[in-house]
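**Student:** Structure file protein_12.txt (compact mmCIF, C-alpha atoms and all ligand atoms) right here:
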# COMPACT_ATOMS: atom_id res chain seq x y z
CA MET T 6 -38.47 -70.07 31.86
CA SER T 7 -40.90 -67.47 32.91
CA VAL T 8 -44.45 -67.67 34.17
CA GLU T 9 -45.53 -65.45 31.30
CA ASP T 10 -45.13 -68.58 29.17
CA GLY T 11 -48.84 -69.22 29.21
CA ASP T 12 -48.90 -68.44 32.93
CA VAL T 13 -48.42 -72.09 33.75
CA PRO T 14 -45.56 -72.56 36.20
CA HIS T 15 -43.28 -75.51 35.66
CA ASP T 16 -40.01 -76.80 37.00
CA ASP T 17 -37.54 -73.91 36.81
CA GLY T 18 -34.92 -75.66 38.96
CA LEU T 19 -35.56 -73.43 41.97
CA ILE T 20 -37.04 -74.59 45.24
CA ALA T 21 -40.76 -75.46 45.06
CA PRO T 22 -42.00 -76.97 48.34
CA GLU T 23 -44.53 -79.79 48.11
CA VAL T 24 -48.02 -78.97 49.35
CA GLY T 25 -51.33 -80.77 49.68
CA ALA T 26 -53.94 -80.20 46.99
CA TRP T 27 -55.93 -78.11 49.48
CA ALA T 28 -53.38 -75.32 48.95
CA GLU T 29 -55.23 -74.52 45.73
CA THR T 30 -58.40 -73.85 47.72
CA LYS T 31 -56.45 -71.51 49.96
CA HIS T 32 -55.01 -69.68 46.96
CA ARG T 33 -58.42 -69.27 45.37
CA LEU T 34 -59.82 -67.71 48.55
CA VAL T 35 -56.84 -65.43 49.18
CA SER T 36 -56.46 -64.18 45.64
CA LEU T 37 -60.18 -63.53 45.26
CA TYR T 38 -60.18 -61.53 48.47
CA ALA T 39 -57.03 -59.65 47.43
CA THR T 40 -58.72 -58.81 44.10
CA LEU T 41 -61.81 -57.39 45.79
CA PHE T 42 -59.72 -55.53 48.36
CA SER T 43 -57.24 -54.08 45.90
CA SER T 44 -59.77 -52.98 43.27
CA GLY T 45 -62.42 -51.95 45.81
CA MET T 46 -60.07 -49.78 47.85
CA LYS T 47 -58.18 -48.25 44.91
CA ALA T 48 -60.26 -45.07 44.74
CA LYS T 49 -60.66 -44.75 48.51
CA TRP T 50 -57.03 -44.85 49.69
CA SER T 51 -53.96 -43.15 48.22
CA ARG T 52 -51.87 -46.31 48.52
CA ARG T 53 -52.58 -49.99 49.15
CA VAL T 54 -49.91 -52.29 50.54
CA TYR T 55 -49.87 -56.11 50.48
CA VAL T 56 -47.88 -57.84 53.23
CA GLU T 57 -47.13 -61.57 53.52
CA LEU T 58 -45.53 -62.69 56.75
CA TYR T 59 -44.92 -66.31 55.65
CA ALA T 60 -44.32 -65.76 51.97
CA GLY T 61 -42.84 -69.03 50.67
CA ALA T 62 -40.99 -69.56 47.39
CA GLY T 63 -43.51 -68.28 44.86
CA TYR T 64 -44.12 -71.76 43.44
CA SER T 65 -45.28 -74.96 45.09
CA LYS T 66 -45.64 -78.47 43.76
CA ILE T 67 -48.74 -80.48 44.53
CA ARG T 68 -47.68 -83.59 46.44
CA SER T 69 -47.71 -86.89 44.46
CA THR T 70 -48.23 -85.03 41.18
CA SER T 71 -46.02 -83.14 38.74
CA LYS T 72 -48.23 -80.06 38.97
CA PHE T 73 -46.65 -76.72 39.90
CA ILE T 74 -48.81 -73.87 41.15
CA LEU T 75 -48.22 -70.17 41.73
CA GLY T 76 -47.85 -69.20 45.37
CA SER T 77 -49.89 -66.48 47.04
CA PRO T 78 -47.22 -63.75 46.64
CA LEU T 79 -47.16 -64.21 42.87
CA LEU T 80 -50.95 -64.34 42.69
CA GLY T 81 -50.93 -61.04 44.61
CA LEU T 82 -48.54 -59.53 42.09
CA LYS T 83 -50.70 -60.54 39.14
CA LEU T 84 -53.92 -58.82 40.24
CA LYS T 85 -55.86 -56.69 37.77
CA ASP T 86 -55.30 -53.67 40.03
CA PRO T 87 -51.96 -54.45 41.64
CA PHE T 88 -51.10 -53.09 45.09
CA ASP T 89 -48.83 -50.04 45.24
CA LYS T 90 -46.31 -51.88 47.35
CA TYR T 91 -45.59 -55.48 48.41
CA ILE T 92 -43.70 -56.67 51.48
CA PHE T 93 -42.67 -60.33 51.62
CA CYS T 94 -41.16 -61.87 54.74
CA GLU T 95 -39.74 -65.39 54.60
CA GLU T 96 -37.55 -67.18 57.10
CA LYS T 97 -35.49 -69.40 54.76
CA PRO T 98 -32.90 -67.58 52.62
CA LYS T 99 -33.08 -70.04 49.68
CA THR T 100 -36.86 -69.89 49.65
CA LEU T 101 -36.83 -66.10 49.68
CA ASN T 102 -34.26 -66.04 46.90
CA ALA T 103 -36.49 -68.23 44.71
CA LEU T 104 -39.40 -65.88 45.40
CA LYS T 105 -37.30 -62.86 44.39
CA ILE T 106 -36.37 -64.43 41.04
CA ARG T 107 -39.92 -65.48 40.27
CA ALA T 108 -41.46 -62.18 41.39
CA ARG T 109 -39.09 -60.30 39.07
CA GLN T 110 -40.33 -62.45 36.18
CA VAL T 111 -43.99 -61.98 36.98
CA ALA T 112 -43.93 -58.29 37.87
CA PRO T 113 -40.63 -56.64 36.96
CA ASP T 114 -41.92 -53.16 37.80
CA ALA T 115 -43.62 -53.95 41.12
CA HIS T 116 -42.41 -52.16 44.22
CA ILE T 117 -41.39 -55.05 46.50
CA SER T 118 -39.50 -55.15 49.80
CA TYR T 119 -38.12 -58.46 50.98
CA ILE T 120 -37.41 -59.27 54.59
CA GLN T 121 -35.56 -62.45 55.42
CA GLY T 122 -36.08 -63.94 58.86
CA ASN T 123 -38.67 -64.86 61.45
CA CYS T 124 -41.59 -62.44 61.04
CA ASN T 125 -42.09 -62.33 64.81
CA LYS T 126 -38.52 -61.19 65.32
CA ARG T 127 -38.39 -58.88 62.32
CA VAL T 128 -41.73 -57.18 62.85
CA SER T 129 -40.24 -53.72 63.41
CA ASP T 130 -38.47 -53.99 60.04
CA ILE T 131 -41.74 -55.08 58.42
CA LEU T 132 -43.53 -52.16 60.04
CA ALA T 133 -40.85 -49.73 58.82
CA GLU T 134 -41.56 -50.87 55.25
CA ILE T 135 -45.27 -49.98 55.49
CA PRO T 136 -45.62 -46.29 54.67
CA GLN T 137 -46.97 -44.37 57.64
CA GLY T 138 -49.45 -42.34 55.62
CA SER T 139 -51.05 -38.99 56.43
CA PRO T 140 -54.44 -37.33 55.93
CA THR T 141 -53.42 -36.48 52.35
CA ASP T 142 -51.60 -39.75 51.66
CA THR T 143 -53.73 -42.49 53.15
CA VAL T 144 -52.34 -46.01 53.32
CA LEU T 145 -54.32 -49.24 53.79
CA SER T 146 -52.62 -52.63 54.06
CA LEU T 147 -53.75 -56.21 53.69
CA CYS T 148 -51.58 -58.62 55.65
CA PHE T 149 -51.79 -62.34 54.86
CA ALA T 150 -50.28 -64.69 57.45
CA ASP T 151 -49.91 -68.26 56.21
CA PRO T 152 -47.95 -70.30 58.77
CA PHE T 153 -47.72 -74.10 58.96
CA ASP T 154 -48.56 -73.96 62.65
CA ILE T 155 -49.68 -71.54 65.35
CA SER T 156 -46.31 -69.78 65.38
CA LEU T 157 -47.70 -66.35 64.50
CA GLU T 158 -47.33 -64.38 67.71
CA PHE T 159 -50.12 -62.01 68.67
CA GLU T 160 -47.51 -59.41 69.58
CA THR T 161 -46.57 -59.28 65.88
CA ILE T 162 -50.14 -58.47 64.93
CA ARG T 163 -50.39 -55.93 67.74
CA THR T 164 -47.23 -54.13 66.58
CA LEU T 165 -48.54 -53.75 63.03
CA ALA T 166 -52.14 -53.01 63.98
CA LYS T 167 -51.32 -50.29 66.49
CA ALA T 168 -49.15 -48.31 64.10
CA ARG T 169 -50.89 -48.74 60.71
CA TYR T 170 -54.28 -49.40 59.11
CA VAL T 171 -54.05 -53.13 58.45
CA ASP T 172 -56.62 -55.81 57.68
CA PHE T 173 -55.47 -59.34 58.45
CA LEU T 174 -56.22 -62.54 56.62
CA VAL T 175 -54.91 -65.25 58.95
CA LEU T 176 -54.58 -68.96 58.41
CA LEU T 177 -55.44 -70.46 61.77
CA ALA T 178 -53.63 -73.82 61.74
CA LEU T 179 -56.03 -75.26 64.28
CA GLY T 180 -56.43 -78.80 62.92
CA MET T 181 -53.03 -79.21 61.31
CA ASP T 182 -51.14 -78.02 64.40
CA ALA T 183 -53.06 -77.12 67.56
CA ASN T 184 -55.24 -80.22 67.63
CA ARG T 185 -52.41 -82.60 66.78
CA ASN T 186 -50.12 -81.10 69.44
CA TYR T 187 -52.84 -80.65 72.03
CA GLU T 188 -51.12 -82.58 74.84
CA HIS T 189 -47.88 -80.71 74.30
CA TYR T 190 -49.46 -77.23 74.17
CA LEU T 191 -51.38 -77.85 77.34
CA ARG T 192 -48.27 -78.38 79.40
CA GLU T 193 -47.63 -75.60 81.91
CA ASP T 194 -44.14 -74.99 80.58
CA ALA T 195 -45.26 -74.65 76.94
CA ASP T 196 -45.86 -71.07 75.87
CA LYS T 197 -46.76 -71.46 72.18
CA VAL T 198 -50.48 -70.88 72.76
CA ASP T 199 -49.71 -67.98 75.12
CA LYS T 200 -47.76 -66.28 72.35
CA PHE T 201 -50.37 -67.08 69.70
CA LEU T 202 -53.15 -65.54 71.80
CA GLY T 203 -51.08 -62.86 73.52
CA SER T 204 -52.34 -64.08 76.87
CA ASP T 205 -51.30 -66.55 79.54
CA SER T 206 -54.72 -66.82 81.18
CA TRP T 207 -56.34 -69.08 78.55
CA ARG T 208 -55.76 -72.30 80.50
CA GLU T 209 -58.32 -71.23 83.13
CA ARG T 210 -60.88 -70.42 80.44
CA TRP T 211 -60.12 -73.71 78.67
CA ALA T 212 -60.79 -75.60 81.89
CA THR T 213 -64.25 -74.00 82.02
CA ALA T 214 -64.93 -74.42 78.31
CA GLN T 215 -64.38 -78.17 78.55
CA TRP T 216 -67.38 -78.44 80.85
CA ASP T 217 -69.44 -77.23 77.89
CA ALA T 218 -67.80 -79.81 75.61
CA VAL T 219 -66.18 -77.08 73.51
CA LYS T 220 -63.56 -78.41 71.08
CA PHE T 221 -60.01 -77.13 71.53
CA THR T 222 -59.91 -75.85 67.93
CA ARG T 223 -63.13 -73.88 68.44
CA PHE T 224 -61.87 -72.54 71.77
CA LEU T 225 -58.66 -71.25 70.16
CA ALA T 226 -60.54 -69.62 67.29
CA ASP T 227 -62.81 -67.82 69.76
CA GLU T 228 -59.89 -66.77 71.95
CA PHE T 229 -57.97 -65.46 68.93
CA THR T 230 -61.04 -63.47 67.89
CA LYS T 231 -61.24 -61.96 71.39
CA SER T 232 -57.56 -60.99 71.21
CA MET T 233 -58.19 -59.26 67.87
CA ALA T 234 -61.18 -57.44 69.37
CA THR T 235 -58.85 -55.86 71.96
CA LEU T 236 -57.20 -54.10 68.99
CA GLY T 237 -60.52 -52.84 67.63
CA TYR T 238 -61.12 -55.58 65.05
CA ILE T 239 -64.80 -56.42 64.57
CA PRO T 240 -65.24 -60.03 65.77
CA PRO T 241 -66.18 -62.16 62.75
CA PRO T 242 -68.78 -64.89 63.35
CA HIS T 243 -67.20 -68.34 63.56
CA TYR T 244 -68.93 -69.58 60.39
CA THR T 245 -67.11 -66.91 58.36
CA MET T 246 -63.76 -68.44 59.35
CA LYS T 247 -63.61 -70.61 56.27
CA GLU T 248 -62.79 -74.20 57.07
CA VAL T 249 -60.45 -75.93 54.63
CA ARG T 250 -60.16 -79.70 54.89
CA SER T 251 -57.21 -81.87 53.90
CA LEU T 252 -58.29 -83.64 50.73
CA GLU T 253 -56.32 -86.79 51.48
CA LYS T 254 -57.96 -87.59 54.81
CA ASN T 255 -60.86 -85.12 54.75
CA LEU T 256 -59.81 -83.71 58.12
CA PRO T 257 -60.55 -80.12 59.19
CA TRP T 258 -57.10 -78.70 58.46
CA TYR T 259 -57.29 -74.99 59.07
CA ARG T 260 -59.53 -71.96 59.02
CA LEU T 261 -58.93 -68.87 56.98
CA ALA T 262 -60.19 -65.87 58.92
CA LEU T 263 -60.51 -62.21 58.03
CA PHE T 264 -60.13 -59.48 60.64
CA SER T 265 -60.90 -55.85 59.90
CA ARG T 266 -61.98 -52.72 61.72
CA HIS T 267 -64.45 -51.97 58.91
CA GLU T 268 -67.67 -53.68 57.87
CA ARG T 269 -66.84 -53.16 54.19
CA ALA T 270 -64.03 -55.72 54.44
CA TYR T 271 -66.48 -58.31 55.77
CA GLN T 272 -68.78 -57.61 52.83
CA PHE T 273 -65.90 -58.46 50.47
CA TRP T 274 -65.16 -61.59 52.50
CA GLY T 275 -68.84 -62.53 52.30
CA GLN T 276 -68.57 -62.35 48.51
CA VAL T 277 -65.52 -64.62 48.60
CA LEU T 278 -67.35 -67.17 50.73
CA LYS T 279 -70.25 -67.26 48.28
C1 LIG L 301 -47.31 -72.33 54.09
S1 LIG L 301 -45.79 -71.68 53.52
C2 LIG L 301 -46.27 -70.21 52.71
C3 LIG L 301 -46.89 -70.43 51.40
C4 LIG L 301 -47.34 -69.19 50.65
N1 LIG L 301 -48.11 -68.29 51.49
C5 LIG L 301 -48.18 -69.64 49.50
O1 LIG L 301 -49.37 -69.91 49.68
O2 LIG L 301 -47.64 -69.71 48.39
C6 LIG L 301 -45.05 -71.04 54.97
C7 LIG L 301 -43.69 -70.41 54.72
O3 LIG L 301 -43.34 -69.68 55.89
C8 LIG L 301 -41.95 -69.83 56.15
N2 LIG L 301 -41.80 -69.57 57.59
C9 LIG L 301 -41.94 -70.45 58.62
N3 LIG L 301 -41.83 -69.81 59.80
C10 LIG L 301 -41.64 -68.49 59.50
C11 LIG L 301 -41.50 -67.32 60.30
N4 LIG L 301 -41.55 -67.38 61.63
N5 LIG L 301 -41.33 -66.13 59.69
C12 LIG L 301 -41.31 -66.07 58.31
N6 LIG L 301 -41.45 -67.14 57.50
C13 LIG L 301 -41.62 -68.34 58.10
C14 LIG L 301 -41.63 -71.23 55.69
O4 LIG L 301 -40.26 -71.34 55.36
C15 LIG L 301 -42.55 -71.37 54.48
O5 LIG L 301 -41.88 -71.01 53.30
Let's see the structure in the file written out as structure tokens.

**Tutor:**
Amino acid sequence: MSVEDGDVPHDDGLIAPEVGAWAETKHRLVSLYATLFSSGMKAKWSRRVYVELYAGAGYSKIRSTSKFILGSPLLGLKLKDPFDKYIFCEEKPKTLNALKIRARQVAPDAHISYIQGNCNKRVSDILAEIPQGSPTDTVLSLCFADPFDISLEFETIRTLAKARYVDFLVLLALGMDANRNYEHYLREDADKVDKFLGSDSWRERWATAQWDAVKFTRFLADEFTKSMATLGYIPPPHYTMKEVRSLEKNLPWYRLALFSRHERAYQFWGQVLK
């Protein structure tokens, strides 16, 4: 089977992880932004590169239904003005293999590099795949990070951002992970939040923030924004970090946030949010 068959994915026997229906909202937002970015930047940069740090299998299945949907990497491959290069990192070998097969069906001629492993550990290999560029061969990248939890380490972002021109679209798993594991993350010996924020001094600021009745999820979003600002990213207002709620329980599940060094990117994001 191929997705060209009417573009409706169905069971092809390969791995297709189950997801909540809210994944479709995420896909709509990401692929609309990627469309605006890719087409809008086509004439301005010599090459555009699309990077996914948590790429997945290319298909997912909506939980409790028989509906299969295209994953974000395949949506990125099917854009009207495709990127010049794609880099997909995925930890699980079987999942990455399924993505490879499906990507070949959707876009046989696309230039794609696959990196198997933990994106935080393999960041130098990811970086090496992004062309360095030059004044006569300019390269702009869009990096989408879509983790289940707050496992994306700030050091990973720093490594990419310091060496290349990269805009980041980051899923901040604040409700689905940080809030649920609050007690655990607060423990002195837990360093997950330290790594996520690239700082070990947040506990002092959190102690102060609680006096102002700030929610932990809001605190983390603000701290992450401050970390991005240290790399020259324009701090986006909190309301532009699009909240997506779990449809089953209507809980705030995550925020999808754009970080760029250029106002133009925020104008595109504004169009997506409309
Ligand atoms: C939410 S899914 C990605 C879904 C995909 N972006 C989409 O929308 O179609 C997260 C994926 O990241 C993978 N993963 C988890 N931790 C990872 C890590 N540290 N580095 C790379 N991939 C990871 C998981 O195996 C899973 O396939």

**Student:** State, in Å with one decimal place, the distance from CA of Phe221 (chain T) to CA of Leu191 (chain T).

**Tutor:** 10.4 Å

**Student:** What residues have any atom no more than 8 Å from ligand LIG 301 (chain L) when counting all atoms listed in the file, and can you list them as an MDAnalysis selection string?

**Tutor:** chainID T and resid 22 28 31:32 57:65 75:79 94:97 100:101 121:126 149:153 156:157

**Student:** One decimal, in Å: what's the spacing between CA of Gly138 (chain T) and CA of Arg53 (chain T)?

**Tutor:**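 The value is 10.5 Å.
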
**Student:** With a distance cut-off of 9 Å and only C-alpha atoms, select the neighbouring residues of Arg68 (chain T), excluding the residue or stretch itself and same-chain residues fewer than 3 positions from it, and output the selection as a VMD selection string.

**Tutor:** chain T and resid 22 to 26 71 to 72

**Student:** Name all residues at most 9 Å from Met233 (chain T) (count all atoms listed in the file; drop same-chain ones fewer than 3 positions away) and give them as a short mmCIF file (atom, residue, chain, number, x, y, z; two decimals) with C-alpha atoms, keeping the file's coordinate frame.

**Tutor:**
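Output file out-v8.cif is given in full below:
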data_model
loop_
_atom_site.label_atom_id
_atom_site.label_comp_id
_atom_site.auth_asym_id
_atom_site.auth_seq_id
_atom_site.Cartn_x
_atom_site.Cartn_y
_atom_site.Cartn_z
CA PHE T 159 -50.12 -62.01 68.67
CA ILE T 162 -50.14 -58.47 64.93
CA ARG T 163 -50.39 -55.93 67.74
CA LEU T 202 -53.15 -65.54 71.80
CA GLU T 228 -59.89 -66.77 71.95
CA PHE T 229 -57.97 -65.46 68.93
CA THR T 230 -61.04 -63.47 67.89
CA LEU T 236 -57.20 -54.10 68.99
CA GLY T 237 -60.52 -52.84 67.63
CA TYR T 238 -61.12 -55.58 65.05
CA ILE T 239 -64.80 -56.42 64.57
CA PRO T 240 -65.24 -60.03 65.77
CA PHE T 264 -60.13 -59.48 60.64
#

**Student:** Which residues are near Arg260 (chain T)? Cut-off 8 Å, only C-alpha atoms, ignore same chain within fewer than 2 positions. Put them as a ChimeraX atom specification.

**Tutor:** /T:176-179,246-249,258,262

**Student:** Using all atoms listed in the file, which of T:Ser139, T:Ser129, T:Ser146, T:Ser44 sits nearest Asp86 (chain T)?

**Tutor:**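 Using all atoms listed in the file, the shortest distance to Asp86 (chain T) belongs to T:Ser44.
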
**Student:** Write out as a PDB file with C-alpha atoms, in the frame of the given file the residues lying within 9 Å of Leu41 (chain T), counting all atoms listed in the file and excluding same-chain residues fewer than 5 positions away.

**Tutor:**
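Okay, this is what ended up in result12.pdb:
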ATOM      1  CA  SER T  36     -56.460 -64.180  45.640  1.00  0.00           C
ATOM      2  CA  MET T  46     -60.070 -49.780  47.850  1.00  0.00           C
ATOM      3  CA  PHE T 273     -65.900 -58.460  50.470  1.00  0.00           C
ATOM      4  CA  TRP T 274     -65.160 -61.590  52.500  1.00  0.00           C
ATOM      5  CA  GLN T 276     -68.570 -62.350  48.510  1.00  0.00           C
ATOM      6  CA  VAL T 277     -65.520 -64.620  48.600  1.00  0.00           C
TER       7      VAL T 277
END

**Student:** Could you jot down the CA of Arg52 (chain T) to CA of Val171 (chain T) separation for me, Å, one decimal place?

**Tutor:**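 Value for the CA of Arg52 (chain T)-CA of Val171 (chain T) distance: 12.2 Å.
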
**Student:** Could you check the closest approach to Ile120 (chain T) for each of T:Leu147, T:Leu225, T:Leu132, T:Leu84 and tell me which residue wins, using all atoms listed in the file?

**Tutor:**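 For Ile120 (chain T), the nearest of the given residues is T:Leu132.
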